[in-house]
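Next comes run_30.txt, with compact mmCIF, C-alpha atoms and all ligand atoms.
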# COMPACT_ATOMS: atom_id res chain seq x y z
CA MET A 1 -20.61 -0.31 16.18
CA TYR A 2 -18.50 -0.95 13.14
CA SER A 3 -21.08 0.59 10.86
CA ASN A 4 -20.73 3.95 12.67
CA LYS A 5 -16.96 3.88 12.48
CA LEU A 6 -17.04 2.74 8.91
CA SER A 7 -19.56 5.40 7.94
CA ARG A 8 -17.23 8.11 9.34
CA LEU A 9 -14.39 6.58 7.39
CA VAL A 10 -16.53 6.41 4.25
CA LEU A 11 -17.59 10.02 4.76
CA GLY A 12 -13.96 11.04 5.01
CA LEU A 13 -13.17 9.09 1.87
CA TYR A 14 -16.00 10.77 -0.04
CA ARG A 15 -15.01 14.22 1.24
CA ARG A 16 -11.52 13.64 -0.11
CA LYS A 17 -12.88 12.18 -3.35
CA ALA A 18 -15.20 15.15 -3.80
CA ALA A 19 -12.30 17.53 -3.24
CA ALA A 20 -10.23 15.61 -5.79
CA VAL A 21 -13.07 15.59 -8.33
CA CYS A 22 -13.92 19.28 -7.91
CA GLY A 23 -10.28 20.25 -7.53
CA VAL A 24 -11.22 22.59 -4.68
CA VAL A 25 -9.80 22.15 -1.19
CA LEU A 26 -12.85 22.67 0.98
CA HIS A 27 -11.19 22.43 4.37
CA SER A 28 -7.68 22.80 5.69
CA PRO A 29 -6.38 19.96 7.90
CA ALA A 30 -7.44 22.04 10.89
CA GLY A 31 -10.99 22.20 9.51
CA ARG A 32 -10.86 25.91 8.61
CA SER A 33 -12.48 27.06 5.37
CA THR A 34 -10.00 28.19 2.68
CA PHE A 35 -12.61 29.55 0.22
CA SER A 36 -11.65 32.32 -2.22
CA TRP A 37 -13.07 33.29 -5.68
CA ALA A 38 -9.61 33.40 -7.26
CA ALA A 39 -8.95 29.89 -6.04
CA VAL A 40 -12.37 28.74 -7.31
CA CYS A 41 -11.68 30.13 -10.83
CA LYS A 42 -8.25 28.53 -10.90
CA GLN A 43 -9.66 25.22 -9.71
CA ARG A 44 -12.46 25.35 -12.30
CA THR A 45 -9.88 25.66 -15.08
CA LEU A 46 -7.96 22.75 -13.62
CA TRP A 47 -11.19 20.81 -13.24
CA LEU A 48 -12.06 21.30 -16.92
CA GLN A 49 -8.57 20.18 -17.91
CA ARG A 50 -8.84 17.06 -15.82
CA SER A 51 -12.44 16.07 -16.51
CA ALA A 52 -11.55 13.82 -19.44
CA SER A 53 -9.09 11.73 -17.45
CA LEU A 54 -11.36 11.71 -14.42
CA GLU A 55 -14.22 10.37 -16.49
CA LEU A 56 -11.98 7.50 -17.48
CA ARG A 57 -11.07 6.88 -13.86
CA LEU A 58 -14.65 6.96 -12.65
CA THR A 59 -15.79 4.45 -15.22
CA SER A 60 -12.85 2.13 -14.60
CA THR A 61 -13.43 -1.19 -12.86
CA ARG A 62 -11.60 0.17 -9.81
CA SER A 63 -14.57 2.14 -8.47
CA ALA A 64 -14.87 2.77 -4.74
CA SER A 65 -16.75 0.03 -2.95
CA GLN A 66 -15.37 1.02 0.49
CA THR A 67 -13.84 -2.38 1.06
CA THR A 68 -10.50 -3.61 -0.16
CA VAL A 69 -11.62 -7.21 0.09
CA ASP A 70 -12.26 -9.25 -3.02
CA PRO A 71 -13.81 -12.52 -1.75
CA ASP A 72 -12.31 -14.52 -4.64
CA GLU A 73 -8.82 -13.36 -3.68
CA VAL A 74 -9.38 -14.32 -0.05
CA LYS A 75 -10.54 -17.77 -1.15
CA LYS A 76 -7.40 -18.17 -3.28
CA PHE A 77 -5.06 -17.41 -0.40
CA GLN A 78 -7.12 -19.46 2.04
CA SER A 79 -6.26 -22.58 0.05
CA LEU A 80 -2.53 -21.74 0.17
CA ALA A 81 -2.33 -20.78 3.83
CA SER A 82 -0.21 -23.74 4.91
CA LYS A 83 2.40 -23.18 2.18
CA TRP A 84 3.91 -19.84 3.20
CA TRP A 85 7.19 -21.10 4.66
CA ASP A 86 8.06 -23.63 1.94
CA GLU A 87 10.93 -21.83 0.23
CA GLN A 88 10.78 -24.18 -2.75
CA GLY A 89 7.00 -23.97 -3.04
CA GLU A 90 4.38 -21.55 -4.32
CA PHE A 91 5.78 -18.60 -2.39
CA GLY A 92 9.45 -19.22 -3.24
CA ALA A 93 9.67 -16.01 -5.31
CA LEU A 94 8.37 -13.98 -2.33
CA HIS A 95 11.05 -15.48 -0.06
CA ALA A 96 13.69 -14.49 -2.63
CA MET A 97 12.20 -10.99 -2.98
CA ASN A 98 13.28 -10.25 0.62
CA ASP A 99 16.83 -9.76 -0.74
CA LEU A 100 15.57 -6.57 -2.42
CA ARG A 101 12.56 -5.38 -0.46
CA VAL A 102 14.01 -5.64 3.05
CA PRO A 103 17.03 -3.38 2.28
CA PHE A 104 14.74 -1.09 0.22
CA ILE A 105 12.49 -0.52 3.24
CA ARG A 106 15.36 -0.40 5.76
CA ASP A 107 17.50 2.07 3.81
CA ASN A 108 14.63 4.42 2.95
CA LEU A 109 13.55 4.48 6.59
CA LEU A 110 17.11 5.11 7.73
CA ASN A 111 17.27 8.12 5.42
CA VAL A 112 14.59 9.67 7.61
CA HIS A 113 15.11 8.06 11.03
CA ARG A 114 18.60 7.80 12.46
CA ALA A 115 19.47 4.30 13.76
CA ARG A 116 19.76 4.48 17.53
CA HIS A 117 20.45 0.84 18.36
CA PRO A 118 23.44 -1.03 16.93
CA GLY A 119 22.30 -4.21 15.18
CA LYS A 120 18.63 -3.11 15.37
CA PRO A 121 18.48 -0.19 12.92
CA LEU A 122 14.67 0.00 12.90
CA ALA A 123 14.28 -0.05 16.71
CA GLY A 124 11.61 2.38 17.89
CA LEU A 125 9.69 2.37 14.60
CA ARG A 126 6.15 1.02 14.23
CA ILE A 127 5.43 -0.69 10.92
CA LEU A 128 2.13 -2.02 9.57
CA ASP A 129 2.47 -4.92 7.12
CA VAL A 130 -0.81 -4.97 5.15
CA GLY A 131 -1.57 -8.36 3.58
CA CYS A 132 1.25 -9.99 5.52
CA GLY A 133 0.23 -13.54 4.58
CA GLY A 134 2.47 -15.95 6.49
CA GLY A 135 4.78 -13.18 7.70
CA LEU A 136 7.60 -13.59 5.15
CA LEU A 137 8.34 -9.85 5.23
CA THR A 138 6.99 -9.12 8.71
CA GLU A 139 9.61 -11.29 10.41
CA PRO A 140 12.78 -9.76 8.89
CA LEU A 141 11.43 -6.26 9.64
CA GLY A 142 10.92 -7.36 13.25
CA ARG A 143 14.47 -8.74 13.37
CA LEU A 144 15.73 -5.31 12.32
CA GLY A 145 14.21 -4.01 15.54
CA ALA A 146 10.87 -2.56 14.34
CA ASP A 147 7.59 -3.22 16.13
CA VAL A 148 5.55 -4.77 13.36
CA VAL A 149 1.82 -5.42 13.13
CA GLY A 150 0.93 -7.86 10.35
CA ILE A 151 -2.68 -7.90 9.14
CA ASP A 152 -4.42 -10.15 6.66
CA PRO A 153 -8.08 -11.09 6.12
CA VAL A 154 -7.16 -14.78 5.71
CA GLU A 155 -7.40 -16.34 9.16
CA ASN A 156 -5.36 -19.44 8.35
CA SER A 157 -2.48 -17.35 6.98
CA ILE A 158 -2.39 -15.37 10.22
CA GLY A 159 -2.39 -18.71 12.10
CA THR A 160 0.63 -19.83 10.05
CA ALA A 161 2.38 -16.49 10.66
CA GLN A 162 1.77 -16.61 14.42
CA LEU A 163 3.00 -20.18 14.70
CA HIS A 164 6.16 -19.45 12.70
CA ALA A 165 7.03 -16.31 14.68
CA SER A 166 6.50 -18.16 17.95
CA TYR A 167 9.62 -20.26 17.24
CA ASP A 168 11.82 -17.14 17.44
CA PRO A 169 11.96 -15.65 20.96
CA ASP A 170 13.40 -12.45 19.48
CA LEU A 171 10.15 -11.85 17.56
CA ARG A 172 7.65 -12.57 20.32
CA GLU A 173 7.78 -9.08 21.75
CA ARG A 174 8.15 -7.30 18.46
CA VAL A 175 5.76 -8.86 15.98
CA CYS A 176 2.02 -9.25 16.33
CA TYR A 177 -0.58 -10.45 13.87
CA ARG A 178 -4.28 -9.77 13.43
CA VAL A 179 -7.00 -11.11 11.19
CA CYS A 180 -8.39 -7.85 9.83
CA THR A 181 -8.42 -5.47 6.90
CA LEU A 182 -6.77 -2.08 6.62
CA GLU A 183 -10.16 -0.32 6.62
CA GLU A 184 -11.15 -2.04 9.87
CA LEU A 185 -7.88 -1.01 11.52
CA SER A 186 -8.30 2.51 10.19
CA ALA A 187 -11.86 2.71 11.56
CA GLU A 188 -10.61 1.62 15.00
CA GLU A 189 -8.10 4.43 14.91
CA GLU A 190 -10.82 6.90 13.96
CA GLU A 191 -12.69 5.88 17.11
CA GLY A 192 -9.52 6.18 19.24
CA GLY A 193 -8.83 9.68 17.95
CA GLU A 194 -12.40 10.93 18.40
CA GLU A 195 -11.75 13.06 21.48
CA GLU A 196 -8.59 14.61 20.12
CA GLU A 197 -8.53 17.93 18.31
CA GLU A 198 -8.30 17.51 14.52
CA GLU A 199 -4.81 19.11 14.49
CA GLN A 200 -3.50 16.73 17.10
CA ARG A 201 -4.70 13.61 15.36
CA SER A 202 -2.03 11.59 13.71
CA GLY A 203 -1.73 8.02 12.52
CA GLN A 204 0.04 5.53 14.66
CA PHE A 205 2.52 3.99 12.23
CA ASP A 206 5.90 5.24 11.01
CA ALA A 207 5.59 3.05 7.92
CA VAL A 208 3.02 0.98 6.05
CA VAL A 209 4.19 -1.87 3.85
CA ALA A 210 2.02 -3.56 1.21
CA SER A 211 4.18 -5.96 -0.73
CA GLU A 212 2.55 -7.87 -3.62
CA VAL A 213 -0.86 -6.96 -2.21
CA VAL A 214 -2.45 -4.10 -4.19
CA GLU A 215 -2.96 -6.35 -7.21
CA HIS A 216 -5.28 -8.47 -5.06
CA LEU A 217 -7.51 -5.68 -3.69
CA ALA A 218 -11.07 -4.73 -4.66
CA ASP A 219 -10.68 -0.97 -4.17
CA LEU A 220 -7.42 0.95 -4.32
CA GLU A 221 -8.97 4.32 -3.45
CA THR A 222 -10.02 2.95 -0.05
CA PHE A 223 -6.60 1.38 0.36
CA ALA A 224 -4.74 4.64 -0.33
CA PHE A 225 -7.06 6.66 1.90
CA CYS A 226 -6.68 4.23 4.81
CA CYS A 227 -2.88 4.03 4.39
CA SER A 228 -2.74 7.77 4.80
CA HIS A 229 -5.09 7.62 7.77
CA VAL A 230 -3.03 5.13 9.79
CA LEU A 231 0.34 6.78 9.00
CA LYS A 232 1.97 9.54 11.01
CA PRO A 233 2.62 12.71 8.99
CA GLY A 234 5.95 12.17 7.26
CA GLY A 235 5.47 8.39 7.53
CA SER A 236 6.51 6.10 4.69
CA LEU A 237 4.45 3.86 2.44
CA PHE A 238 6.23 1.01 0.66
CA ILE A 239 4.49 -0.88 -2.14
CA THR A 240 5.76 -3.61 -4.42
CA THR A 241 3.48 -4.69 -7.23
CA ILE A 242 3.15 -5.54 -10.93
CA ASN A 243 2.87 -3.04 -13.79
CA LYS A 244 -0.03 -3.27 -16.26
CA THR A 245 1.84 -3.90 -19.51
CA ASN A 246 1.81 -6.48 -22.29
CA LEU A 247 5.12 -7.76 -20.93
CA SER A 248 3.71 -8.25 -17.44
CA TYR A 249 0.87 -10.26 -18.97
CA ALA A 250 3.27 -12.39 -21.02
CA LEU A 251 5.84 -12.98 -18.26
CA GLY A 252 3.81 -12.55 -15.07
CA ILE A 253 0.80 -14.62 -16.10
CA VAL A 254 1.55 -16.76 -19.18
CA VAL A 255 5.15 -17.71 -18.32
CA ALA A 256 5.21 -17.52 -14.49
CA GLU A 257 1.76 -19.05 -13.87
CA GLN A 258 0.92 -21.18 -16.88
CA LEU A 259 4.28 -22.39 -18.25
CA LEU A 260 6.82 -22.40 -15.40
CA ARG A 261 4.30 -22.54 -12.55
CA ILE A 262 6.51 -20.33 -10.38
CA VAL A 263 3.26 -19.09 -8.82
CA PRO A 264 -0.03 -21.04 -8.78
CA SER A 265 -2.21 -20.66 -11.86
CA GLY A 266 -4.91 -18.03 -11.36
CA THR A 267 -2.96 -16.08 -8.71
CA HIS A 268 -3.06 -12.88 -10.73
CA ASP A 269 -5.71 -11.00 -12.66
CA TRP A 270 -4.06 -8.66 -15.20
CA GLU A 271 -6.99 -6.26 -14.97
CA LYS A 272 -6.00 -5.49 -11.39
CA PHE A 273 -2.40 -4.62 -12.19
CA ILE A 274 -1.51 -0.93 -11.98
CA SER A 275 1.11 1.21 -13.69
CA PRO A 276 3.53 3.30 -11.60
CA VAL A 277 2.03 6.49 -13.07
CA GLU A 278 -1.52 5.50 -12.13
CA LEU A 279 -0.44 4.42 -8.65
CA GLU A 280 1.46 7.66 -8.21
CA ARG A 281 -1.63 9.67 -9.23
CA LEU A 282 -3.77 7.75 -6.75
CA LEU A 283 -1.29 8.23 -3.91
CA GLU A 284 -0.73 11.91 -4.59
CA SER A 285 -4.47 12.56 -4.58
CA ASN A 286 -4.50 10.95 -1.13
CA GLY A 287 -1.84 13.16 0.38
CA PHE A 288 1.37 11.31 -0.48
CA SER A 289 4.52 12.42 -2.22
CA VAL A 290 6.17 9.63 -4.23
CA GLN A 291 9.90 9.56 -3.54
CA SER A 292 11.11 6.74 -5.76
CA VAL A 293 9.95 4.01 -8.12
CA GLN A 294 12.39 1.22 -8.99
CA GLY A 295 12.02 -1.70 -11.39
CA MET A 296 12.57 -5.26 -10.14
CA LEU A 297 13.36 -8.33 -12.22
CA TYR A 298 12.98 -12.00 -11.33
CA ASN A 299 15.30 -14.56 -12.87
CA PRO A 300 13.42 -17.88 -12.89
CA ILE A 301 16.64 -19.85 -13.48
CA SER A 302 18.64 -18.51 -10.54
CA GLY A 303 15.51 -17.80 -8.51
CA ALA A 304 16.94 -14.36 -7.64
CA TRP A 305 15.62 -10.81 -7.92
CA SER A 306 17.64 -7.82 -9.05
CA TRP A 307 17.01 -4.10 -9.47
CA THR A 308 16.51 -2.87 -13.03
CA ASP A 309 15.89 0.49 -14.71
CA SER A 310 12.73 -0.87 -16.31
CA THR A 311 9.46 -0.85 -14.38
CA ALA A 312 7.74 -2.80 -17.18
CA ILE A 313 7.04 -5.85 -15.00
CA ASN A 314 7.60 -5.58 -11.23
CA TYR A 315 8.39 -2.43 -9.31
CA ALA A 316 8.87 -1.05 -5.81
CA LEU A 317 7.56 2.34 -4.76
CA HIS A 318 8.32 4.53 -1.76
CA ALA A 319 5.97 7.40 -0.88
CA VAL A 320 5.82 9.74 2.09
CA LYS A 321 2.65 11.10 3.71
CA LEU A 322 2.65 14.87 3.45
CA THR A 323 1.88 16.99 6.45
CA GLU A 324 -0.45 19.22 4.38
CA ASP A 325 -3.52 18.28 2.33
CA PRO A 326 -2.75 17.38 -1.32
CA GLN A 327 -2.08 20.47 -3.49
CA PRO A 328 -4.27 20.44 -6.63
CA ASP A 329 -1.76 22.42 -8.75
CA SER A 330 0.91 19.70 -8.53
CA HIS A 331 -0.64 17.26 -10.93
CA PRO A 332 1.08 13.87 -11.30
CA GLU A 333 0.10 13.69 -14.99
CA ASP A 334 2.56 16.49 -15.68
CA PRO A 335 5.44 14.68 -17.49
CA ALA A 336 8.09 16.77 -15.70
CA HIS A 337 6.63 15.74 -12.36
CA THR A 338 6.51 12.06 -13.33
CA ALA A 339 10.07 12.01 -14.67
CA ALA A 340 11.35 13.61 -11.48
CA THR A 341 9.94 10.92 -9.25
CA HIS A 342 11.11 7.90 -11.23
CA SER A 343 14.59 6.61 -10.61
C1 LIG A 401 0.90 -12.36 -2.77
S1 LIG A 401 0.46 -12.37 -1.10
C2 LIG A 401 1.72 -11.34 -0.38
C3 LIG A 401 1.99 -11.71 1.07
C4 LIG A 401 3.07 -10.89 1.76
N1 LIG A 401 2.84 -9.47 1.64
C5 LIG A 401 4.42 -11.24 1.21
O1 LIG A 401 4.89 -10.53 0.32
O2 LIG A 401 4.99 -12.24 1.63
C6 LIG A 401 -0.98 -11.31 -1.06
C7 LIG A 401 -1.60 -11.24 0.35
O3 LIG A 401 -2.61 -10.23 0.34
C8 LIG A 401 -3.66 -10.69 1.17
N2 LIG A 401 -4.88 -9.94 0.88
C9 LIG A 401 -5.84 -10.19 -0.03
N3 LIG A 401 -6.83 -9.28 0.07
C10 LIG A 401 -6.46 -8.43 1.07
C11 LIG A 401 -7.06 -7.28 1.65
N4 LIG A 401 -8.23 -6.81 1.21
N5 LIG A 401 -6.42 -6.68 2.66
C12 LIG A 401 -5.24 -7.12 3.10
N6 LIG A 401 -4.62 -8.21 2.58
C13 LIG A 401 -5.23 -8.86 1.58
C14 LIG A 401 -3.74 -12.16 0.87
O4 LIG A 401 -4.46 -12.87 1.85
C15 LIG A 401 -2.26 -12.51 0.81
O5 LIG A 401 -1.78 -12.87 2.08
Please go through the file and, once you have read it, give me the structure as structure tokens.
Amino acid sequence: MYSNKLSRLVLGLYRRKAAAVCGVVLHSPAGRSTFSWAAVCKQRTLWLQRSASLELRLTSTRSASQTTVDPDEVKKFQSLASKWWDEQGEFGALHAMNDLRVPFIRDNLLNVHRARHPGKPLAGLRILDVGCGGGLLTEPLGRLGADVVGIDPVENSIGTAQLHASYDPDLRERVCYRVCTLEELSAEEEEGGEEEEEEQRSGQFDAVVASEVVEHLADLETFAFCCSHVLKPGGSLFITTINKTNLSYALGIVVAEQLLRIVPSGTHDWEKFISPVELERLLESNGFSVQSVQGMLYNPISGAWSWTDSTAINYALHAVKLTEDPQPDSHPEDPAHTAATHS
């Protein structure tokens, strides 16, 4: 059963990839053909301009394998599944990061959705927390009133998250956890929306959150495609992750993992880090508009995070799912475009 759902999902992913590679929009969201010779000529010019950078992308290690799961990553987090709620332990920096990421998510959502419930500003919103681990971010979002679904492929982490949330009666109704991947959830939704007209189909979540997750995935193209698929048009995607710079290698891996042991040794693979520009390009080719990118800095002495102008190490990104298919003329490599989206 899954193979059918997954094959539809994969087909959709390839259709979008093919459109991105050729630079020609083959179908409108309603499925109507938008073919014209003028558009083809324009797209061919764009295609020639982009072919060099695309070649680089296609030969990169981040090729589409249609699963986001890297078994080594899952094994790593499996061995840490009982440690999530130890604030002084391996995940201490993630606990502290809530001081930045929770207001970042709340305030950006409130810019779009007016708070209707005093004390519960996110009431009425559905949020998907991808790679929720033990629920460190899921819980505070639930306490702000959102209905949150936390998913993670590591069964023991979900067990820890469920147990911890069960102690708070306020969360029981609002937070639920599942052992699954984003692509599995997305495939379920594809099945649910099968009878609906293409135009009427929309994702089920107002926001998707993936905090400190993308650097652990096997395939970011699948991730971006599925995020778009499960989001309502106009829905928000929030990502926090680590930039791919020399500084992030020195501080994020050598200092944080090997010298200070703020995070367990081997947690991160520098090859999987991604720059804001590359992430932006990936998201925009999957129908998102990036609204803001902000640098974050961890102080290992105080154990606190603060916002910074530099995105050289950690950063937070907010993107919005467009209601239209991605427009090939607005290319994220254009420096003017990139500068406009970075704050
Ligand atoms: C550094 S932890 C972040 C946990 C949580 N987001 C937080 O910030 O507290 C990375 C999480 O990503 C999860 N993960 C790894 N591969 C995943 C995948 N393919 N899909 C979803 N989550 C995944 C891990 O199991 C782990 O819980």
Return as AutoDock Vina command-line options the box centre and box size in Å, one decimal, for an axis-aligned box around all listed atoms of ligand LIG 401 (chain A) padded by 3 Å per side.
--center_x -1.6 --center_y -9.8 --center_z 0.2 --size_x 19.2 --size_y 12.2 --size_z 11.9
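Minimum atom-to-atom distance to Pro233 in chain A, evaluated using all atoms listed in the file, belongs to A:Phe205 out of A:Tyr177, A:Phe205, A:Phe273, A:Tyr315.
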Next item on the list: Kindly work out which residues sit at most 7 Å from ligand LIG 401 (chain A), using all atoms listed in the file, and give the list as a ChimeraX atom specification.
Entry: /A:68-70,73-74,77,94,130-137,151-154,157,181-182,210-213,216-218
Item checked: Pairwise distance for CA of Gly234 in chain A and CA of Val320 in chain A, rounded to one decimal in Å -> 5.7 Å
Notebook entry, point to check: What gap, in Å, lies between CA of Gly287 in chain A and CA of Leu322 in chain A?
Noted result: 5.7 Å
Next item on the list: Tell me, in Å to one decimal, how far CA of Glu257 in chain A is from CA of Gly92 in chain A.
Entry: 13.1 Å
Next item on the list: Name the residues in contact with Lys120 in chain A at a cut-off of 9 Å, using all atoms listed in the file, excluding same-chain residues fewer than 5 positions from it; report them as a list in words.
Entry: Ala115, Arg143, Leu144, Gly145 and Ala146 of chain A
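Distances here use all atoms listed in the file; by that measure, the residue among A:Leu282, A:Ala96, A:Cys180, A:Leu259 closest to Ser228 in chain A is A:Leu282.
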Check: Which residue gives the smallest distance to Ile313 in chain A among A:Asp129, A:Glu280, A:Asn286, A:Ser248, with only C-alpha atoms counted?
Finding: A:Ser248
Next item on the list: Would you mind telling me which residue in A:Lys272, A:Arg101, A:His164, A:Arg126 lies nearest to Lys244 in chain A when using only C-alpha atoms?
Entry: A:Lys272
Margin query: Report as a count of residues only all protein, DNA and RNA residues lying within 10 Å of range 121-125 of chain A, evaluated on all atoms listed in the file, omitting residues in the same chain fewer than 6 positions from it.
Written below: 20
Checklist line | Pro264 in chain A surroundings by all atoms listed in the file, 10 Å radius, close-in-sequence under 5 positions cut, as a ChimeraX atom specification | finding: /A:76,80,89-91,253,256-258
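Here the question is which of A:Ser302, A:Thr160, A:Asn314, A:Ser292 gets nearest to Glu215 in chain A using only C-alpha atoms, and that residue is A:Asn314.
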Notebook entry, point to check: Which residue out of A:Ala312, A:Asn299, A:Ser166, A:Asp269 has the minimum interatomic distance to Asn243 in chain A when all atoms listed in the file are used?
Noted result: A:Ala312
Notebook entry, point to check: Which neighbours of Asp99 in chain A fall inside 9 Å, counting all atoms listed in the file, when residues of the same chain fewer than 6 positions from it are skipped, and could you give them as a list in words?
Noted result: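 In the requested form, the answer reads Ala304, Trp305 and Ser306 of chain A.
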Item checked: Nearby residues (all atoms listed in the file) at most 8 Å from Cys176 in chain A, same-chain spacing under 2 positions excluded, as a list of chain:residue names -> A:Val148, A:Val149, A:Gly150, A:Gln162, A:Arg172, A:Glu173, A:Arg174, A:Arg178
